[in-house]
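Listing of query.pdb; format and content: PDB, C-alpha atoms.
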```
ATOM      1  CA  MET A   8     -12.619  14.749  51.562
ATOM      2  CA  PHE A   9     -13.811  16.113  48.174
ATOM      3  CA  ALA A  10     -11.277  18.919  48.375
ATOM      4  CA  GLN A  11      -8.513  16.388  49.045
ATOM      5  CA  VAL A  12      -9.556  14.250  46.011
ATOM      6  CA  ARG A  13      -9.814  17.331  43.777
ATOM      7  CA  LEU A  14      -6.318  18.448  44.832
ATOM      8  CA  GLN A  15      -4.838  15.002  44.047
ATOM      9  CA  LEU A  16      -6.535  14.976  40.612
ATOM     10  CA  GLN A  17      -5.171  18.432  39.792
ATOM     11  CA  ARG A  18      -1.651  17.362  40.818
ATOM     12  CA  SER A  19      -1.927  14.220  38.705
ATOM     13  CA  GLN A  20      -3.137  16.207  35.694
ATOM     14  CA  ALA A  21      -0.301  18.709  36.097
ATOM     15  CA  ILE A  22       2.276  15.891  36.174
ATOM     16  CA  LYS A  23       0.760  14.265  33.053
ATOM     17  CA  LYS A  24       0.686  17.617  31.212
ATOM     18  CA  HIS A  25       4.301  18.349  32.133
ATOM     19  CA  THR A  26       5.409  14.899  30.915
ATOM     20  CA  TYR A  27       3.506  15.286  27.625
ATOM     21  CA  ASP A  28       4.779  18.831  27.007
ATOM     22  CA  LYS A  29       8.395  17.713  27.517
ATOM     23  CA  GLY A  30       8.269  15.391  24.498
ATOM     24  CA  HIS A  31       5.734  17.235  22.365
ATOM     25  CA  CYS A  32       6.895  19.341  19.435
ATOM     26  CA  PRO A  33       4.051  21.090  17.593
ATOM     27  CA  LEU A  34       4.376  20.964  13.809
ATOM     28  CA  SER A  35       3.362  23.672  11.415
ATOM     29  CA  PHE A  36       4.189  24.105   7.750
ATOM     30  CA  ALA A  37       4.152  27.180   5.555
ATOM     31  CA  PRO A  38       2.795  27.143   1.994
ATOM     32  CA  GLY A  39       5.561  26.186  -0.418
ATOM     33  CA  GLU A  40       7.402  23.904   2.012
ATOM     34  CA  PHE A  41       7.939  20.248   1.173
ATOM     35  CA  VAL A  42       6.773  17.422   3.444
ATOM     36  CA  TRP A  43       6.826  13.637   3.517
ATOM     37  CA  LEU A  44       3.422  11.945   3.520
ATOM     38  CA  LYS A  45       2.760   8.891   5.682
ATOM     39  CA  LEU A  46       0.385   6.336   4.169
ATOM     40  CA  GLN A  47      -1.012   3.189   5.710
ATOM     41  CA  PRO A  48       1.464   0.427   4.786
ATOM     42  CA  TYR A  49      -1.021  -2.300   5.641
ATOM     43  CA  ARG A  50      -3.974  -3.307   3.557
ATOM     44  CA  GLN A  51      -6.744  -5.814   4.016
ATOM     45  CA  LEU A  52      -5.181  -9.235   4.080
ATOM     46  CA  SER A  53      -8.209 -10.637   2.285
ATOM     47  CA  LEU A  54      -7.082  -8.873  -0.895
ATOM     48  CA  LEU A  55      -3.525 -10.194  -1.092
ATOM     49  CA  ALA A  56      -1.788 -12.502   1.345
ATOM     50  CA  ILE A  57       1.771 -11.157   1.236
ATOM     51  CA  LYS A  58       3.943 -10.920   4.303
ATOM     52  CA  ARG A  59       6.271  -8.089   3.354
ATOM     53  CA  HIS A  60       4.802  -5.147   5.209
ATOM     54  CA  LYS A  61       8.034  -4.404   7.061
ATOM     55  CA  ALA A  62       9.904  -3.617   3.848
ATOM     56  CA  SER A  63       7.248  -1.319   2.394
ATOM     57  CA  PRO A  64       7.994   2.401   2.674
ATOM     58  CA  LYS A  65       6.100   4.394   5.269
ATOM     59  CA  PHE A  66       6.641   7.899   3.845
ATOM     60  CA  TYR A  67       6.125   9.066   0.263
ATOM     61  CA  GLY A  68       6.975  12.261  -1.500
ATOM     62  CA  PRO A  69       8.147  14.854  -0.826
ATOM     63  CA  PHE A  70       5.062  16.886  -1.705
ATOM     64  CA  GLN A  71       4.582  20.636  -1.622
ATOM     65  CA  VAL A  72       2.219  22.247   0.890
ATOM     66  CA  LEU A  73      -0.340  24.380  -0.951
ATOM     67  CA  HIS A  74      -2.035  25.924   2.068
ATOM     68  CA  ARG A  75      -3.121  25.342   5.644
ATOM     69  CA  ILE A  76      -6.716  24.424   6.443
ATOM     70  CA  GLY A  77      -7.682  25.153  10.026
ATOM     71  CA  THR A  78      -5.082  24.457  12.692
ATOM     72  CA  VAL A  79      -4.150  20.827  11.965
ATOM     73  CA  ALA A  80      -4.868  20.109   8.282
ATOM     74  CA  TYR A  81      -2.857  20.846   5.138
ATOM     75  CA  ARG A  82      -3.598  20.639   1.424
ATOM     76  CA  LEU A  83      -0.756  19.045  -0.555
ATOM     77  CA  LYS A  84       0.104  19.201  -4.238
ATOM     78  CA  LEU A  85      -0.252  15.550  -5.264
ATOM     79  CA  PRO A  86       0.397  14.086  -8.719
ATOM     80  CA  PRO A  87      -2.599  14.425 -11.072
ATOM     81  CA  ASP A  88      -3.073  10.644 -11.300
ATOM     82  CA  ALA A  89      -3.267  10.192  -7.498
ATOM     83  CA  LYS A  90      -6.584   8.694  -6.421
ATOM     84  CA  LEU A  91      -6.320  10.226  -2.987
ATOM     85  CA  HIS A  92      -7.834  13.259  -1.313
ATOM     86  CA  ASP A  93      -5.291  16.082  -1.049
ATOM     87  CA  VAL A  94      -6.004  17.240   2.547
ATOM     88  CA  PHE A  95      -4.075  15.542   5.365
ATOM     89  CA  HIS A  96      -3.842  15.834   9.142
ATOM     90  CA  VAL A  97      -0.543  17.168  10.477
ATOM     91  CA  SER A  98       0.133  13.809  12.195
ATOM     92  CA  LEU A  99       0.561  12.201   8.735
ATOM     93  CA  LEU A 100       3.195  14.723   7.650
ATOM     94  CA  LYS A 101       6.905  14.895   8.348
ATOM     95  CA  PRO A 102       9.140  17.856   7.475
ATOM     96  CA  PHE A 103      11.407  17.463   4.452
ATOM     97  CA  LYS A 104      14.981  18.604   5.056
ATOM     98  CA  GLY A 105      17.301  19.629   2.259
ATOM     99  CA  ASP A 106      17.023  21.355  -1.095
ATOM    100  CA  SER A 107      13.670  21.493  -2.859
ATOM    101  CA  PRO A 108      13.303  18.354  -4.974
ATOM    102  CA  LEU A 109      12.717  18.535  -8.705
ATOM    103  CA  LEU A 110      10.909  15.216  -8.900
ATOM    104  CA  HIS A 111       8.930  13.335  -6.287
ATOM    105  CA  THR A 112       8.550   9.616  -5.829
ATOM    106  CA  PRO A 113       5.244   8.372  -7.208
ATOM    107  CA  LEU A 114       2.507   7.251  -4.873
ATOM    108  CA  PRO A 115       1.953   3.502  -4.669
ATOM    109  CA  PRO A 116      -1.259   1.988  -6.006
ATOM    110  CA  LEU A 117      -4.059   2.520  -3.479
ATOM    111  CA  LYS A 118      -7.186   0.551  -2.641
ATOM    112  CA  ASP A 119      -9.566   2.018  -0.050
ATOM    113  CA  GLY A 120      -6.859   4.454   1.069
ATOM    114  CA  ARG A 121      -4.289   1.744   1.763
ATOM    115  CA  SER A 122      -1.115   1.168  -0.214
ATOM    116  CA  MET A 123      -0.868  -2.008  -2.249
ATOM    117  CA  PRO A 124       2.183  -3.923  -3.483
ATOM    118  CA  THR A 125       3.397  -3.401  -7.024
ATOM    119  CA  PRO A 126       3.553  -6.436  -9.330
ATOM    120  CA  ALA A 127       6.926  -6.997 -10.995
ATOM    121  CA  GLN A 128       5.997  -9.789 -13.385
ATOM    122  CA  ILE A 129       3.621 -12.672 -13.993
ATOM    123  CA  LEU A 130       5.469 -15.955 -13.664
ATOM    124  CA  GLN A 131       2.802 -18.454 -14.627
ATOM    125  CA  ALA A 132      -0.878 -18.864 -15.433
ATOM    126  CA  ARG A 133      -3.203 -21.781 -14.708
ATOM    127  CA  ARG A 134      -6.843 -22.622 -15.169
ATOM    128  CA  VAL A 135      -8.785 -23.536 -12.017
ATOM    129  CA  ASN A 136     -12.534 -24.282 -12.064
ATOM    130  CA  ASN A 137     -13.216 -22.456 -15.347
ATOM    131  CA  SER A 138     -11.315 -19.330 -14.265
ATOM    132  CA  TRP A 139      -7.718 -18.200 -14.669
ATOM    133  CA  GLU A 140      -5.179 -17.632 -11.917
ATOM    134  CA  VAL A 141      -1.805 -15.938 -12.301
ATOM    135  CA  LEU A 142       1.326 -16.350 -10.202
ATOM    136  CA  VAL A 143       2.486 -12.813  -9.381
ATOM    137  CA  GLN A 144       6.059 -11.862  -8.491
ATOM    138  CA  TRP A 145       5.909  -8.652  -6.410
ATOM    139  CA  THR A 146       8.392  -5.772  -6.540
ATOM    140  CA  ASP A 147      10.904  -5.791  -3.660
ATOM    141  CA  ALA A 148       9.832  -9.320  -2.673
ATOM    142  CA  GLU A 149      11.553 -12.665  -2.941
ATOM    143  CA  LEU A 150      10.429 -15.344  -5.368
ATOM    144  CA  VAL A 151       9.041 -17.485  -2.539
ATOM    145  CA  GLU A 152       6.593 -14.670  -1.698
ATOM    146  CA  ALA A 153       4.953 -14.863  -5.136
ATOM    147  CA  SER A 154       1.235 -15.537  -4.802
ATOM    148  CA  TRP A 155      -1.592 -16.909  -6.924
ATOM    149  CA  GLU A 156      -4.261 -14.320  -7.711
ATOM    150  CA  THR A 157      -7.411 -14.696  -9.764
ATOM    151  CA  LEU A 158      -7.020 -13.031 -13.130
ATOM    152  CA  GLU A 159     -10.228 -11.048 -12.727
ATOM    153  CA  SER A 160      -9.275  -9.523  -9.361
ATOM    154  CA  PHE A 161      -5.712  -8.865 -10.540
ATOM    155  CA  GLN A 162      -6.969  -6.952 -13.601
ATOM    156  CA  ASP A 163      -9.384  -4.977 -11.415
ATOM    157  CA  LEU A 164      -6.573  -3.919  -9.065
ATOM    158  CA  TYR A 165      -3.917  -3.348 -11.755
ATOM    159  CA  PRO A 166      -5.706  -2.418 -15.009
ATOM    160  CA  THR A 167      -2.588  -0.955 -16.667
ATOM    161  CA  PHE A 168      -0.356  -3.993 -16.061
ATOM    162  CA  GLU A 169       0.501  -5.712 -19.356
ATOM    163  CA  LEU A 170      -0.263  -9.434 -19.315
ATOM    164  CA  GLU A 171       1.517 -11.635 -21.810
ATOM    165  CA  ASP A 172      -0.735 -13.732 -24.026
ATOM    166  CA  LYS A 173       1.876 -16.483 -24.289
ATOM    167  CA  LEU A 174       1.276 -17.388 -20.625
ATOM    168  CA  PHE A 175      -2.299 -18.329 -21.389
ATOM    169  CA  LEU A 176      -1.495 -20.039 -24.692
ATOM    170  CA  GLN A 177       1.271 -22.074 -23.064
ATOM    171  CA  GLU A 178      -1.055 -23.174 -20.282
ATOM    172  CA  GLU A 179      -3.787 -24.224 -22.722
ATOM    173  CA  ARG A 180      -1.259 -26.194 -24.797
ATOM    174  CA  ASP A 181       0.012 -28.000 -21.718
ATOM    175  CA  VAL A 182      -3.526 -28.949 -20.738
ATOM    176  CA  MET A 183      -4.300 -30.196 -24.239
ATOM    177  CA  ASP A 184      -0.994 -32.088 -24.408
ATOM    178  CA  SER A 185      -1.714 -33.780 -21.092
ATOM    179  CA  ILE A 186      -5.241 -34.737 -22.242
ATOM    180  CA  ALA A 187      -3.916 -36.045 -25.539
ATOM    181  CA  SER A 188      -1.217 -38.077 -23.766
ATOM    182  CA  ARG A 189      -3.847 -39.584 -21.405
ATOM    183  CA  VAL A 190      -6.051 -40.567 -24.347
ATOM    184  CA  ALA A 191      -3.054 -42.092 -26.178
ATOM    185  CA  ASN A 192      -2.062 -44.058 -23.062
ATOM    186  CA  ARG A 193      -5.599 -45.429 -22.691
ATOM    187  CA  ARG A 194      -5.641 -46.597 -26.310
ATOM    188  CA  ARG A 195      -2.300 -48.353 -25.889
ATOM    189  CA  GLY A 196      -3.190 -49.970 -22.593
TER
END
```
Once more with this new file: its structure as structure tokens, please.
Amino acid sequence: MFAQVRLQLQRSQAIKKHTYDKGHCPLSFAPGEFVWLKLQPYRQLSLLAIKRHKASPKFYGPFQVLHRIGTVAYRLKLPPDAKLHDVFHVSLLKPFKGDSPLLHTPLPPLKDGRSMPTPAQILQARRVNNSWEVLVQWTDAELVEASWETLESFQDLYPTFELEDKLFLQEERDVMDSIASRVANRRRG
């Protein structure tokens, strides 16, 4: 009986191996070749609640392969400002076809190894419970997908984004105008 079971297991394994080998194409890259890099398009939803993951790109680059590390890892030539380790598993790479590019597309902003959306502009600012919030319009997103973010967390995630001072001055003036109009209405009434 054990011989019969062992024979059936070997047949099953052979069938599975044959099926896998039919569709499998091993990848290998030589130093100097260009490849596309796949990054995680999703990020923690607790950071930003935006529902536009489908439209975000899945591959970035192309980047040049510097050298092979082991059998399945490659070191890539990333931009100097990339906050990302430069060694990637072969499953995250895709061959680049065509002439060698002169320029590569920049990497998106990253937080904990996950790509983040890029802010296009700040639409509005408001004061909530002694802290500021900004209404952020995101690149490649519709206006209805703009979201309110706390100013502190937004500046932590995007320190180089230029915020306009007039947003905050306008908001303070509106608050003061509304307080002044309430006081004037109380005096009249």
Selected residue of minimal separation from Trp145 (chain A) among A:Leu130, A:Gln15, A:Lys101, A:Phe9, counting only C-alpha atoms: A:Leu130
Spatial neighbours of region 151-168 of chain A, 6 Å, only C-alpha atoms, chain gap at least 6 places, as a list in words: Trp139, Glu140, Val141, Leu142, Val143 and Gln144 of chain A
Once you have the residues from the selection above, write them out as a CSV table (one decimal), keeping the file's coordinate frame, restricted to C-alpha atoms.
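Result saved to selection_37.csv:
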```csv
chain,number,residue,atom,x,y,z
A,139,TRP,CA,-7.7,-18.2,-14.7
A,140,GLU,CA,-5.2,-17.6,-11.9
A,141,VAL,CA,-1.8,-15.9,-12.3
A,142,LEU,CA,1.3,-16.4,-10.2
A,143,VAL,CA,2.5,-12.8,-9.4
A,144,GLN,CA,6.1,-11.9,-8.5
```
Atomic distance CA of Tyr67 (chain A) - CA of Gly39 (chain A), expressed in Å with one decimal: 17.1 Å
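With CA of Lys45 (chain A) on one side and CA of Leu99 (chain A) on the other, the separation reads 5.0 Å.
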Selection under test: the PyMOL selection byres ((chain A and resi 75) around 12); residues as a PDB file with C-alpha atoms, in the frame of the given file:
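File written: result_27.pdb
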```pdb
ATOM      1  CA  LEU A  34       4.376  20.964  13.809  1.00  0.00           C
ATOM      2  CA  SER A  35       3.362  23.672  11.415  1.00  0.00           C
ATOM      3  CA  PHE A  36       4.189  24.105   7.750  1.00  0.00           C
ATOM      4  CA  ALA A  37       4.152  27.180   5.555  1.00  0.00           C
ATOM      5  CA  PRO A  38       2.795  27.143   1.994  1.00  0.00           C
ATOM      6  CA  GLY A  39       5.561  26.186  -0.418  1.00  0.00           C
ATOM      7  CA  GLU A  40       7.402  23.904   2.012  1.00  0.00           C
ATOM      8  CA  GLN A  71       4.582  20.636  -1.622  1.00  0.00           C
ATOM      9  CA  VAL A  72       2.219  22.247   0.890  1.00  0.00           C
ATOM     10  CA  LEU A  73      -0.340  24.380  -0.951  1.00  0.00           C
ATOM     11  CA  HIS A  74      -2.035  25.924   2.068  1.00  0.00           C
ATOM     12  CA  ILE A  76      -6.716  24.424   6.443  1.00  0.00           C
ATOM     13  CA  GLY A  77      -7.682  25.153  10.026  1.00  0.00           C
ATOM     14  CA  THR A  78      -5.082  24.457  12.692  1.00  0.00           C
ATOM     15  CA  VAL A  79      -4.150  20.827  11.965  1.00  0.00           C
ATOM     16  CA  ALA A  80      -4.868  20.109   8.282  1.00  0.00           C
ATOM     17  CA  TYR A  81      -2.857  20.846   5.138  1.00  0.00           C
ATOM     18  CA  ARG A  82      -3.598  20.639   1.424  1.00  0.00           C
ATOM     19  CA  LEU A  83      -0.756  19.045  -0.555  1.00  0.00           C
ATOM     20  CA  ASP A  93      -5.291  16.082  -1.049  1.00  0.00           C
ATOM     21  CA  VAL A  94      -6.004  17.240   2.547  1.00  0.00           C
ATOM     22  CA  PHE A  95      -4.075  15.542   5.365  1.00  0.00           C
ATOM     23  CA  HIS A  96      -3.842  15.834   9.142  1.00  0.00           C
ATOM     24  CA  VAL A  97      -0.543  17.168  10.477  1.00  0.00           C
TER      25      VAL A  97
END
```
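The space separating CA of Pro102 (chain A) from CA of Pro69 (chain A) comes to 8.9 Å.
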